[in-house]
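What follows is the content of entry.tsv (TSV, C-alpha atoms).
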```tsv
chain	number	residue	atom	x	y	z
A	1	ALA	CA	83.58	118.48	141.80
A	2	GLY	CA	85.18	115.64	139.97
A	3	ARG	CA	88.55	116.02	138.34
A	4	LEU	CA	88.39	116.86	134.64
A	5	ALA	CA	90.18	114.50	132.31
A	6	SER	CA	92.86	116.00	130.14
A	7	PRO	CA	91.99	116.55	126.47
A	8	ARG	CA	94.62	113.97	125.51
A	9	CYS	CA	93.04	111.27	127.72
A	10	ALA	CA	89.57	112.03	126.37
A	11	TYR	CA	90.89	111.84	122.84
A	12	LEU	CA	92.61	108.49	123.43
A	13	ARG	CA	89.43	107.02	125.00
A	14	ALA	CA	87.32	108.19	122.07
A	15	LEU	CA	89.85	106.80	119.62
A	16	HIS	CA	89.87	103.48	121.46
A	17	HIS	CA	86.07	103.10	121.36
A	18	ALA	CA	85.85	104.19	117.73
A	19	SER	CA	88.58	101.81	116.64
A	20	ARG	CA	86.93	98.89	118.47
A	21	SER	CA	83.71	99.45	116.55
A	22	ARG	CA	85.50	99.56	113.19
A	23	ILE	CA	88.13	96.88	113.66
A	24	ARG	CA	88.54	94.46	110.77
A	25	PRO	CA	90.01	90.94	110.76
A	26	TRP	CA	93.09	92.10	108.83
A	27	MET	CA	93.77	94.77	111.49
A	28	ARG	CA	94.47	92.24	114.22
A	29	VAL	CA	98.21	92.09	114.82
A	30	PRO	CA	99.63	88.54	114.61
A	31	THR	CA	101.17	87.15	117.79
A	32	ASP	CA	104.62	87.18	116.20
A	33	GLY	CA	104.27	90.83	115.14
A	34	TRP	CA	103.75	92.51	111.80
A	35	LEU	CA	106.11	93.98	109.26
A	36	LEU	CA	105.29	97.58	108.42
A	37	ARG	CA	105.14	96.78	104.70
A	38	ASP	CA	102.48	94.12	105.32
A	39	PHE	CA	100.36	96.48	107.41
A	40	LEU	CA	100.60	99.26	104.81
A	41	HIS	CA	99.68	96.83	102.03
A	42	GLN	CA	96.51	95.79	103.86
A	43	ALA	CA	95.63	99.35	104.91
A	44	LEU	CA	95.92	100.60	101.34
A	45	TYR	CA	94.81	97.66	99.21
A	46	ASN	CA	92.65	95.31	101.27
A	47	ARG	CA	89.83	94.29	98.91
A	48	ASP	CA	87.07	95.01	101.42
A	49	ASP	CA	87.97	98.30	103.05
A	50	GLY	CA	91.48	99.33	102.02
A	51	TYR	CA	92.16	102.99	101.28
A	52	PHE	CA	92.06	102.42	97.51
A	53	ALA	CA	89.16	99.91	97.57
A	54	ASN	CA	86.28	102.41	97.73
A	55	ASP	CA	84.35	101.95	94.48
A	56	SER	CA	81.88	104.75	95.13
A	57	SER	CA	84.47	107.42	95.94
A	58	PRO	CA	88.10	106.56	95.11
A	59	PRO	CA	90.61	108.73	97.00
A	60	VAL	CA	92.37	109.96	93.86
A	61	GLY	CA	90.40	112.74	92.20
A	62	ALA	CA	90.17	113.99	88.63
A	63	MET	CA	89.37	117.41	87.21
A	64	SER	CA	86.81	117.75	84.43
A	65	ARG	CA	88.78	120.64	82.92
A	66	PRO	CA	92.40	121.77	83.33
A	67	ILE	CA	93.42	124.84	85.29
A	68	PRO	CA	93.81	127.82	82.88
A	69	PHE	CA	97.33	128.74	83.99
A	70	GLN	CA	97.70	131.40	81.28
A	71	ALA	CA	94.77	133.31	82.79
A	72	LEU	CA	96.03	133.29	86.40
A	73	PHE	CA	97.43	136.49	87.92
A	74	GLY	CA	100.04	134.95	90.17
A	75	GLN	CA	100.65	132.59	93.07
A	76	GLU	CA	97.67	133.71	95.14
A	77	ASP	CA	95.30	133.32	92.20
A	78	TYR	CA	96.70	129.84	91.59
A	79	ALA	CA	96.23	128.91	95.27
A	80	ARG	CA	92.60	130.12	95.21
A	81	THR	CA	91.87	128.25	91.99
A	82	LEU	CA	93.36	125.03	93.32
A	83	ALA	CA	91.46	125.40	96.61
A	84	HIS	CA	88.19	125.71	94.69
A	85	ARG	CA	89.01	122.55	92.76
A	86	TYR	CA	89.68	120.72	96.02
A	87	ASP	CA	86.41	121.98	97.50
A	88	ALA	CA	84.55	120.30	94.65
A	89	LEU	CA	86.29	116.98	95.34
A	90	ALA	CA	85.36	116.66	99.02
A	91	SER	CA	87.88	114.16	100.49
A	92	GLN	CA	89.74	113.27	97.30
A	93	TRP	CA	93.25	114.50	96.50
A	94	LEU	CA	94.90	115.43	93.23
A	95	THR	CA	98.18	114.17	91.82
A	96	PRO	CA	100.64	116.63	90.21
A	97	VAL	CA	99.88	115.22	86.77
A	98	GLU	CA	96.21	116.06	87.36
A	99	ILE	CA	96.85	119.57	88.70
A	100	PHE	CA	99.24	120.49	85.90
A	101	LYS	CA	97.53	118.71	83.03
A	102	PRO	CA	98.24	118.56	80.18
A	103	HIS	CA	101.68	120.13	80.74
A	104	TYR	CA	103.02	117.57	83.23
A	105	ALA	CA	102.27	114.55	81.03
A	106	ARG	CA	103.58	116.35	77.94
A	107	ALA	CA	106.89	117.06	79.65
A	108	VAL	CA	107.24	113.37	80.55
A	109	ALA	CA	106.27	112.38	77.00
A	110	ARG	CA	108.92	114.69	75.49
A	111	TYR	CA	111.57	113.07	77.64
A	112	ILE	CA	110.39	109.58	76.66
A	113	LEU	CA	110.49	110.44	72.96
A	114	ARG	CA	113.94	112.01	73.25
A	115	ALA	CA	115.30	108.95	75.06
A	116	HIS	CA	113.69	106.68	72.48
A	117	ARG	CA	115.26	108.58	69.59
A	118	GLU	CA	118.66	108.65	71.28
A	119	MET	CA	118.48	104.90	71.69
A	120	ASP	CA	117.89	104.54	67.96
A	121	ALA	CA	120.68	107.01	67.19
A	122	SER	CA	123.12	105.05	69.36
A	123	LEU	CA	123.18	102.40	66.64
A	124	ASP	CA	125.10	104.85	64.45
A	125	ASP	CA	128.83	104.34	63.80
A	126	ASP	CA	131.39	105.11	61.15
A	127	ASP	CA	130.37	102.28	58.88
A	128	ASP	CA	128.25	103.56	55.98
A	129	GLU	CA	126.28	100.36	55.59
A	130	ARG	CA	125.36	100.27	59.28
A	131	ARG	CA	124.40	103.94	59.10
A	132	ARG	CA	122.06	103.22	56.21
A	133	ARG	CA	120.51	100.33	58.11
A	134	ARG	CA	120.08	102.55	61.16
A	135	ARG	CA	118.29	105.21	59.13
A	136	ARG	CA	115.87	102.61	57.80
A	137	ARG	CA	115.31	101.42	61.36
A	138	VAL	CA	114.61	104.79	63.01
A	139	GLY	CA	110.96	105.10	64.02
A	140	LYS	CA	110.37	101.37	63.73
A	141	THR	CA	111.73	100.31	67.11
A	142	PRO	CA	108.67	99.57	69.28
A	143	LEU	CA	108.27	101.85	72.27
A	144	ARG	CA	107.04	100.21	75.46
A	145	ILE	CA	106.16	102.40	78.45
A	146	TYR	CA	105.53	101.11	81.98
A	147	GLU	CA	103.68	103.13	84.60
A	148	LEU	CA	103.35	101.95	88.20
A	149	GLY	CA	100.26	103.18	90.02
A	150	GLY	CA	98.67	105.29	87.30
A	151	GLY	CA	95.95	106.92	89.40
A	152	THR	CA	92.97	107.94	87.28
A	153	GLY	CA	94.74	107.43	83.93
A	154	THR	CA	95.39	111.12	83.28
A	155	CYS	CA	99.14	110.56	82.92
A	156	ALA	CA	98.75	107.66	80.48
A	157	ALA	CA	96.24	109.53	78.33
A	158	GLY	CA	98.38	112.68	78.29
A	159	ILE	CA	101.61	110.90	77.39
A	160	LEU	CA	99.98	108.87	74.62
A	161	ALA	CA	98.19	111.91	73.19
A	162	HIS	CA	101.47	113.82	72.95
A	163	ILE	CA	103.28	110.92	71.26
A	164	ARG	CA	100.39	110.53	68.82
A	165	ASP	CA	100.53	114.20	67.86
A	166	ASP	CA	104.32	114.57	67.86
A	167	ASP	CA	105.40	111.33	66.20
A	168	PRO	CA	102.60	109.20	64.69
A	169	SER	CA	105.04	106.55	63.47
A	170	VAL	CA	106.30	105.92	67.01
A	171	TYR	CA	102.76	106.06	68.37
A	172	ALA	CA	101.66	103.34	65.95
A	173	SER	CA	104.08	100.88	67.56
A	174	THR	CA	103.79	102.09	71.17
A	175	GLU	CA	102.59	99.78	73.93
A	176	TYR	CA	101.60	101.34	77.26
A	177	VAL	CA	101.59	98.99	80.25
A	178	GLY	CA	100.01	100.18	83.47
A	179	VAL	CA	100.65	98.20	86.66
A	180	GLU	CA	97.87	98.94	89.15
A	181	ILE	CA	96.99	96.96	92.27
A	182	SER	CA	93.69	98.77	92.91
A	183	PRO	CA	90.77	97.34	90.85
A	184	THR	CA	88.89	100.64	91.10
A	185	LEU	CA	91.77	102.73	89.79
A	186	ALA	CA	92.64	100.15	87.12
A	187	LYS	CA	89.09	100.48	85.80
A	188	MET	CA	89.33	104.27	85.86
A	189	GLN	CA	92.61	104.17	83.94
A	190	ARG	CA	91.12	102.02	81.19
A	191	GLU	CA	88.09	104.28	80.92
A	192	THR	CA	90.16	107.48	80.82
A	193	VAL	CA	92.49	106.23	78.08
A	194	ARG	CA	89.63	104.92	75.93
A	195	ARG	CA	87.67	108.13	76.38
A	196	GLU	CA	90.60	110.36	75.46
A	197	LEU	CA	92.19	108.24	72.72
A	198	GLY	CA	89.53	105.85	71.47
A	199	ASP	CA	89.95	102.12	70.95
A	200	ASP	CA	92.85	102.33	68.52
A	201	VAL	CA	95.55	102.36	71.20
A	202	ASN	CA	97.69	99.57	72.61
A	203	VAL	CA	97.18	99.88	76.35
A	204	VAL	CA	97.37	97.08	78.91
A	205	ILE	CA	96.41	97.80	82.53
A	206	ALA	CA	97.80	94.85	84.47
A	207	GLY	CA	96.66	93.93	87.94
A	208	GLY	CA	93.58	95.06	89.76
```
I'd like the structure from this file rewritten - as structure tokens, please.
Amino acid sequence: AGRLASPRCAYLRALHHASRSRIRPWMRVPTDGWLLRDFLHQALYNRDDGYFANDSSPPVGAMSRPIPFQALFGQEDYARTLAHRYDALASQWLTPVEIFKPHYARAVARYILRAHREMDASLDDDDDERRRRRRRRVGKTPLRIYELGGGTGTCAAGILAHIRDDDPSVYASTEYVGVEISPTLAKMQRETVRRELGDDVNVVIAGG
């Protein structure tokens, strides 16, 4: 009887044959080597077959309805509920802002508003005239928010919705700038924000 190959050897041979059949031009290592950051950039964002380039099934998932945390009975119930949500997504994964929506985005929005108001209040001093000018200025300082890699747009929509409800005067002058390298996710972000907030919102999704 012939000698049986170890499971590790069999695995490496199978991996070698599979990788040869799926190799892409960008995967070929240059003769002078490759920086890890360049490899990761191509693996994630290559326009043809990068991790985030799949138009039909983007890796970042979204939930049609939030998890009813107030109805859960504890940690095990939460784990079961989340597992069921993942089962419905197949290979997609969920970001924390998606799992804990709308609470996660609202918490971030409250911090943003507090920081924005404190910035306005920092103009105060002992001079009465300057204090009066500051009071006239409060709420009129434009708020600009930047988000890098906004996923499906759930965070942007949640933050803007909270600002709209909590402080309409700040919301009226708010500009939300999303920086997204993935065209698929950039499109999803625009669609999510428009669906949740309508067209009367100043949102720019740059990149993609």
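The closest residue to Arg164 (chain A), picked from A:Ala109, A:Leu148, A:Lys187, A:Glu180 and counting only C-alpha atoms, is A:Ala109.
With CA of Gln189 (chain A) on one side and CA of Leu40 (chain A) on the other, the separation reads 22.9 Å.
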**Message:** Neighbouring residues of region 51-61 of chain A were defined as those with any atom within 6 Å, considering only C-alpha atoms; residues of the same chain fewer than 2 positions away were excluded. Please report them as a list in words.
**Reply:** Leu44, Tyr45, Arg47, Asp49, Gln92, Trp93, Leu94 and Thr184 of chain A
**Asked** Which value, in Å to one decimal, gives the distance between CA of Ile159 (chain A) and CA of Asp77 (chain A)?
**Response** 27.6 Å
**Request:** Would you mind telling me which residue in A:Phe100, A:Tyr171, A:Tyr111, A:Trp26 lies nearest to Gln70 (chain A) when using only C-alpha atoms?
**Result:** A:Phe100
Can you report as AutoDock Vina command-line options the centre and edge lengths in Å, to one decimal, of an axis-aligned box around the listed atoms of region 180-199 of chain A padded with 6 Å on each side?
```
--center_x 92.8 --center_y 103.7 --center_z 81.9 --size_x 22.2 --size_y 25.4 --size_z 34.0
```
**Prompt:** Which value, in Å to one decimal, gives the distance between CA of Phe39 (chain A) and CA of Thr152 (chain A)?
**Reply:** 24.3 Å
